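Below is one structure, written out as structure tokens, with a few remarks after it.
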Amino acid sequence: MPQSIPKFGSEFFKNLHNRSLSQIAFDVGLHYTGSCIPSDDLENICHKVFDFPIELVRLGEREYTLELFHGPTLAFKDFGARFMAECLGYITRSENQRTVVLVATSGDTGSAVANSFFGVEGVEVVILYPSGKVSNLQEKQLTTLGGNITSLEVNGTFDDCQAMVKGAFENNSYGVSLTSANSINIARLIPQSFYYYWAWARLGGCNVAISVPSGNFGNITGAMLAWETGLPIRQLVASTNINRIVPHYLETGEFKPAPSIETIANAMDVGNPSNFTRLLWICNNNWQTIQDKVSGYWCSDEDIRKHIRNIYEQKGYLFDPHGAIASLGVQNYLRSNFDCIGISVATAHPAKFLDTIQPLVPERVEIPQRLRQYMQREKNSIKMEATFDSLDAFLKAL
């Protein structure tokens, strides 16, 4: 975590509506990067990285959805991965060092990291993903680039991949600068606060509750970081699938990690979310404090399918499974809170989950050209058992 979280005054928030996302990213990011990156260079990085749109779509009288999937890989992970790639590339060039980025993924992190770091000089990327537990399009996005991107197809779960990555950092003896592009790396997580400032400003500073689809809890931690700087958020909703570790904690005060359960919202199939300790830290490790700020919500696969179908029939709007969970979460909160507006966070384009989405709607789901191009490419991955020894041997041979 940062040594301290910056606090912004009323003038900062008053003028937010006049600022673009890249300008907000620079305004906020400058307080975290300090002297590591000169301000002119950081400003150039922000304008280069955040060159794609965000959409805030109205779904009802008090409900909006924040579309964060208009970047290169059509997932919200583009925000953090592109920012981190440019910052790390800048530092690597200035220090003339070789860096290996090690990342575990349950889907969209891997594709965003692969795309963002592809061709970055002095940086090699090693991606671990659970075999058979990401969508076909997600797998193609993270296994077809080649070059400085290597994909390890692990015979296990995302939790296994994450444990292997953590083991590598604990036993780092590889003769290279080893870092991560998961949200365990703060440079990946901080940019996930930027778009919350943007969304709040577009609603004119209303009372806002934000529902975030949560797996490893990086995105909602980004929202909490923004809140701690002074952004006037009314409530956060941690919306999960049946891997309901955090909603259970918020209800009982008991944090009980468990083996992850496979669902149609695969990016959220996490049984021991590593960013939850950060969320607790921001709340002074106090159950009452976090309970006051964060509501918990969880739902089943059947709930997700039903909601996707209903919203499409009623509103003509198509959610992906993760965005549908967030929408269910914010609707649940708004039922008993009539004095605020709800934002659900849509994290991925629905076409990335075609096998799940298509049977639920009568019309053919259009696949954007950026996704179709990956479908024609040949998968190239290295199969690996879910043990640290397997990864250790691979890294030592790099």
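Here, A, B, ... name the chains of the structure tokens in the order displayed, residue numbers run from 1 inside each chain, and ligands are numbered from 1 in the same displayed order.
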Can you check which residues of stretch 83-297 of chain A DSSP gives as strand (DSSP E or B) on the backbone and send them as a tab-separated table (two decimals) with C-alpha atoms, in the first residue's frame?
```tsv
chain	number	residue	atom	x	y	z
A	99	THR	CA	12.40	-7.36	-15.76
A	100	VAL	CA	10.15	-10.43	-15.65
A	101	VAL	CA	6.46	-9.76	-14.99
A	102	LEU	CA	4.76	-12.74	-13.38
A	103	VAL	CA	0.97	-12.75	-13.39
A	104	ALA	CA	-1.83	-15.14	-12.43
A	123	VAL	CA	10.27	-6.75	-20.07
A	124	GLU	CA	9.27	-10.41	-20.34
A	125	VAL	CA	5.81	-11.52	-19.24
A	126	VAL	CA	4.90	-14.95	-17.84
A	127	ILE	CA	1.15	-15.57	-17.45
A	128	LEU	CA	-0.31	-18.44	-15.40
A	129	TYR	CA	-3.92	-19.39	-16.05
A	130	PRO	CA	-6.11	-22.35	-14.96
A	149	ILE	CA	4.68	-13.06	-23.73
A	150	THR	CA	4.73	-16.66	-22.41
A	151	SER	CA	1.55	-18.40	-21.22
A	152	LEU	CA	1.60	-21.26	-18.70
A	153	GLU	CA	-1.54	-23.42	-18.73
A	154	VAL	CA	-1.81	-24.70	-15.16
A	155	ASN	CA	-3.62	-27.91	-14.29
A	177	SER	CA	14.00	-8.07	-11.43
A	178	LEU	CA	10.77	-9.95	-10.71
A	179	THR	CA	7.48	-8.10	-10.43
A	180	SER	CA	3.78	-8.81	-10.84
A	208	VAL	CA	-23.86	7.46	-5.22
A	209	ALA	CA	-23.74	3.79	-4.29
A	210	ILE	CA	-21.33	1.76	-6.43
A	211	SER	CA	-21.66	-1.99	-6.91
A	212	VAL	CA	-18.43	-3.67	-7.99
A	213	PRO	CA	-18.25	-7.28	-9.25
A	233	ILE	CA	-19.34	7.90	-2.22
A	234	ARG	CA	-22.42	6.86	-0.23
A	235	GLN	CA	-21.80	3.09	-0.18
A	236	LEU	CA	-19.82	0.35	-1.88
A	237	VAL	CA	-21.45	-2.99	-2.67
A	238	ALA	CA	-19.15	-6.00	-2.92
A	239	SER	CA	-21.10	-8.18	-5.34
A	240	THR	CA	-19.90	-11.76	-5.78
A	294	VAL	CA	-19.26	-1.90	2.25
A	295	SER	CA	-22.39	-3.99	1.77
A	296	GLY	CA	-22.13	-7.61	0.68
A	297	TYR	CA	-24.20	-9.34	-1.99
```
- Test item: residues at most 12 Å from stretch 197-199 of chain A, only C-alpha atoms, excluding those fewer than 4 positions along its chain, as number ranges by chain: A: 8, 12-25, 27-28, 53-57, 64-68, 191-193, 203-206, 208-210, 222-233, 341-345
Requested write-out: N, CA and C atoms of the selected residues, as a compact mmCIF listing (two decimals), in the first residue's frame:
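New file again-v7.txt:
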```txt
# COMPACT_ATOMS: atom_id res chain seq x y z
N PHE A 8 -7.94 15.15 -0.95
CA PHE A 8 -8.23 16.24 -1.87
C PHE A 8 -9.31 17.14 -1.29
N PHE A 12 -10.96 20.54 -5.66
CA PHE A 12 -10.60 19.44 -6.56
C PHE A 12 -11.87 18.76 -7.09
N PHE A 13 -12.78 18.44 -6.19
CA PHE A 13 -14.00 17.73 -6.60
C PHE A 13 -14.96 18.66 -7.35
N LYS A 14 -14.95 19.92 -7.02
CA LYS A 14 -15.81 20.88 -7.69
C LYS A 14 -15.48 20.98 -9.18
N ASN A 15 -14.20 20.83 -9.51
CA ASN A 15 -13.76 21.00 -10.90
C ASN A 15 -13.63 19.69 -11.67
N LEU A 16 -13.99 18.57 -11.05
CA LEU A 16 -13.80 17.27 -11.71
C LEU A 16 -14.58 17.14 -13.02
N HIS A 17 -15.76 17.74 -13.07
CA HIS A 17 -16.59 17.56 -14.26
C HIS A 17 -15.96 18.16 -15.51
N ASN A 18 -14.98 19.04 -15.32
CA ASN A 18 -14.28 19.64 -16.47
C ASN A 18 -13.05 18.84 -16.90
N ARG A 19 -12.74 17.77 -16.19
CA ARG A 19 -11.51 17.03 -16.44
C ARG A 19 -11.81 15.74 -17.19
N SER A 20 -10.98 15.42 -18.18
CA SER A 20 -11.07 14.14 -18.88
C SER A 20 -10.49 13.04 -17.99
N LEU A 21 -10.67 11.79 -18.39
CA LEU A 21 -10.12 10.69 -17.60
C LEU A 21 -8.60 10.79 -17.52
N SER A 22 -7.95 11.10 -18.63
CA SER A 22 -6.48 11.18 -18.61
C SER A 22 -6.01 12.32 -17.71
N GLN A 23 -6.76 13.42 -17.69
CA GLN A 23 -6.39 14.53 -16.80
C GLN A 23 -6.61 14.16 -15.34
N ILE A 24 -7.70 13.46 -15.05
CA ILE A 24 -7.94 12.99 -13.69
C ILE A 24 -6.85 12.00 -13.28
N ALA A 25 -6.47 11.11 -14.19
CA ALA A 25 -5.42 10.13 -13.91
C ALA A 25 -4.12 10.83 -13.53
N ASP A 27 -3.83 14.02 -12.39
CA ASP A 27 -4.04 14.77 -11.13
C ASP A 27 -3.89 13.86 -9.91
N VAL A 28 -4.50 12.66 -10.00
CA VAL A 28 -4.48 11.74 -8.87
C VAL A 28 -3.15 10.97 -8.82
N PRO A 53 -12.62 5.36 -24.66
CA PRO A 53 -13.75 5.96 -23.92
C PRO A 53 -14.23 5.13 -22.74
N ILE A 54 -14.93 5.79 -21.84
CA ILE A 54 -15.75 5.15 -20.80
C ILE A 54 -17.19 5.57 -21.10
N GLU A 55 -18.13 4.70 -20.81
CA GLU A 55 -19.54 5.05 -21.02
C GLU A 55 -20.31 4.87 -19.71
N LEU A 56 -21.14 5.84 -19.38
CA LEU A 56 -22.05 5.74 -18.24
C LEU A 56 -23.46 5.66 -18.81
N VAL A 57 -24.04 4.48 -18.75
CA VAL A 57 -25.31 4.20 -19.42
C VAL A 57 -26.45 4.18 -18.39
N TYR A 64 -27.51 3.30 -13.08
CA TYR A 64 -26.60 3.46 -14.21
C TYR A 64 -25.63 2.28 -14.21
N THR A 65 -25.05 2.04 -15.37
CA THR A 65 -23.95 1.08 -15.42
C THR A 65 -22.73 1.77 -16.04
N LEU A 66 -21.60 1.55 -15.44
CA LEU A 66 -20.35 2.15 -15.87
C LEU A 66 -19.60 1.14 -16.73
N GLU A 67 -19.57 1.40 -18.03
CA GLU A 67 -18.92 0.48 -18.97
C GLU A 67 -17.42 0.75 -19.04
N LEU A 68 -16.64 -0.22 -18.58
CA LEU A 68 -15.19 -0.08 -18.55
C LEU A 68 -14.52 -1.01 -19.54
N PRO A 191 -4.56 2.75 -10.68
CA PRO A 191 -5.35 3.27 -11.81
C PRO A 191 -6.81 2.85 -11.76
N GLN A 192 -7.12 1.80 -10.99
CA GLN A 192 -8.50 1.37 -10.88
C GLN A 192 -9.31 2.28 -9.96
N SER A 193 -8.69 3.33 -9.46
CA SER A 193 -9.45 4.35 -8.74
C SER A 193 -9.86 5.50 -9.64
N LEU A 203 -22.25 12.46 -12.83
CA LEU A 203 -23.59 12.45 -12.24
C LEU A 203 -23.84 13.69 -11.40
N GLY A 204 -22.96 14.66 -11.51
CA GLY A 204 -23.17 15.94 -10.85
C GLY A 204 -23.01 15.89 -9.34
N GLY A 205 -22.23 14.91 -8.86
CA GLY A 205 -21.97 14.86 -7.42
C GLY A 205 -23.15 14.36 -6.61
N CYS A 206 -23.96 13.46 -7.18
CA CYS A 206 -25.10 12.91 -6.45
C CYS A 206 -24.63 11.96 -5.34
N VAL A 208 -24.09 8.58 -4.31
CA VAL A 208 -23.86 7.46 -5.22
C VAL A 208 -23.47 6.21 -4.44
N ALA A 209 -24.16 5.11 -4.74
CA ALA A 209 -23.74 3.79 -4.29
C ALA A 209 -23.17 3.06 -5.50
N ILE A 210 -22.01 2.42 -5.32
CA ILE A 210 -21.33 1.76 -6.43
C ILE A 210 -21.20 0.27 -6.14
N GLY A 222 -9.74 -0.21 -5.35
CA GLY A 222 -9.52 1.04 -6.07
C GLY A 222 -10.60 2.05 -5.76
N ALA A 223 -11.84 1.59 -5.70
CA ALA A 223 -12.95 2.49 -5.34
C ALA A 223 -12.79 3.01 -3.92
N MET A 224 -12.35 2.15 -3.01
CA MET A 224 -12.15 2.56 -1.63
C MET A 224 -11.01 3.57 -1.51
N LEU A 225 -9.96 3.41 -2.31
CA LEU A 225 -8.88 4.39 -2.34
C LEU A 225 -9.43 5.76 -2.72
N ALA A 226 -10.27 5.79 -3.78
CA ALA A 226 -10.86 7.06 -4.21
C ALA A 226 -11.72 7.66 -3.09
N TRP A 227 -12.48 6.84 -2.42
CA TRP A 227 -13.34 7.29 -1.32
C TRP A 227 -12.49 7.91 -0.21
N GLU A 228 -11.35 7.27 0.10
CA GLU A 228 -10.51 7.76 1.18
C GLU A 228 -9.84 9.09 0.85
N THR A 229 -9.70 9.40 -0.43
CA THR A 229 -9.13 10.71 -0.79
C THR A 229 -10.15 11.83 -0.62
N GLY A 230 -11.41 11.47 -0.38
CA GLY A 230 -12.46 12.46 -0.19
C GLY A 230 -13.60 12.36 -1.18
N LEU A 231 -13.53 11.45 -2.15
CA LEU A 231 -14.63 11.31 -3.11
C LEU A 231 -15.90 10.92 -2.37
N PRO A 232 -16.98 11.70 -2.52
CA PRO A 232 -18.18 11.48 -1.69
C PRO A 232 -19.04 10.30 -2.17
N ILE A 233 -18.56 9.11 -1.92
CA ILE A 233 -19.34 7.90 -2.22
C ILE A 233 -20.25 7.60 -1.03
N ILE A 341 -28.37 7.32 -5.96
CA ILE A 341 -28.30 6.73 -7.30
C ILE A 341 -27.31 5.58 -7.26
N GLY A 342 -27.61 4.53 -8.00
CA GLY A 342 -26.75 3.35 -8.01
C GLY A 342 -25.98 3.22 -9.32
N ILE A 343 -24.71 2.86 -9.22
CA ILE A 343 -23.89 2.56 -10.40
C ILE A 343 -23.41 1.13 -10.28
N SER A 344 -23.70 0.32 -11.28
CA SER A 344 -23.10 -1.01 -11.36
C SER A 344 -21.94 -0.95 -12.34
N VAL A 345 -20.88 -1.66 -12.04
CA VAL A 345 -19.67 -1.61 -12.85
C VAL A 345 -19.66 -2.79 -13.81
```
- Query: Could you name the residues that touch A:Thr143 at 7 Å or less, counting only C-alpha atoms, but leaving out those on the same chain fewer than 5 positions away, as a ChimeraX atom specification?
  - Reply: /A:151,379-381
- Message: Just list as number ranges by chain whatever in stretch 12-50 of chain A DSSP marks as helix (DSSP H, G or I).
- Response: A: 12-14, 16-18, 21-33, 39-49
Find the residues around A:Phe255 up to 10 Å (only C-alpha atoms counted), leave out those fewer than 2 positions away in its own chain, and share them as an mmCIF file with C-alpha atoms, in the first residue's frame.
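Generated output (out-v7.cif):
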```cif
data_model
loop_
_atom_site.group_PDB
_atom_site.id
_atom_site.type_symbol
_atom_site.label_atom_id
_atom_site.label_comp_id
_atom_site.auth_asym_id
_atom_site.auth_seq_id
_atom_site.Cartn_x
_atom_site.Cartn_y
_atom_site.Cartn_z
ATOM 1 C CA ILE A 245 -16.217 -15.278 1.291
ATOM 2 C CA VAL A 246 -16.429 -11.508 1.777
ATOM 3 C CA PRO A 247 -20.246 -11.160 1.942
ATOM 4 C CA HIS A 248 -20.095 -13.832 4.654
ATOM 5 C CA TYR A 249 -17.434 -11.840 6.503
ATOM 6 C CA LEU A 250 -19.428 -8.617 6.253
ATOM 7 C CA THR A 252 -20.676 -12.351 10.488
ATOM 8 C CA GLY A 253 -17.210 -10.858 11.051
ATOM 9 C CA PRO A 257 -11.202 -18.702 2.803
ATOM 10 C CA ALA A 258 -12.405 -21.760 0.926
ATOM 11 C CA ASN A 272 -9.144 -16.367 -0.928
ATOM 12 C CA PHE A 276 -9.137 -8.069 0.932
#
```
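Going from atom CA of A:Ser274 to atom CA of A:Asp159 covers 9.8 Å.
Every protein, DNA or RNA residue with an atom at most 6 Å from stretch 79-83 of chain A, where only C-alpha atoms count and chain neighbours fewer than 4 positions away do not, is listed here: Val49, Val113, Ser116, Arg188 and Pro191 of chain A.
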Could you write out that same residue set with N, CA and C atoms as an mmCIF file, in the first residue's frame?
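Contents of again-v1.cif, freshly written:
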```
data_model
loop_
_atom_site.group_PDB
_atom_site.id
_atom_site.type_symbol
_atom_site.label_atom_id
_atom_site.label_comp_id
_atom_site.auth_asym_id
_atom_site.auth_seq_id
_atom_site.Cartn_x
_atom_site.Cartn_y
_atom_site.Cartn_z
ATOM 1 N N VAL A 49 -2.035 6.289 -22.379
ATOM 2 C CA VAL A 49 -2.678 5.085 -21.849
ATOM 3 C C VAL A 49 -4.198 5.176 -21.909
ATOM 4 N N VAL A 113 -2.852 -7.741 -19.679
ATOM 5 C CA VAL A 113 -1.412 -7.653 -19.429
ATOM 6 C C VAL A 113 -0.630 -8.034 -20.678
ATOM 7 N N SER A 116 -0.904 -5.207 -23.163
ATOM 8 C CA SER A 116 -0.271 -3.969 -22.709
ATOM 9 C C SER A 116 1.247 -4.053 -22.713
ATOM 10 N N ARG A 188 -0.724 -1.559 -10.547
ATOM 11 C CA ARG A 188 -1.868 -2.061 -11.301
ATOM 12 C C ARG A 188 -3.172 -1.632 -10.649
ATOM 13 N N PRO A 191 -4.555 2.752 -10.683
ATOM 14 C CA PRO A 191 -5.349 3.267 -11.807
ATOM 15 C C PRO A 191 -6.812 2.850 -11.765
#
```
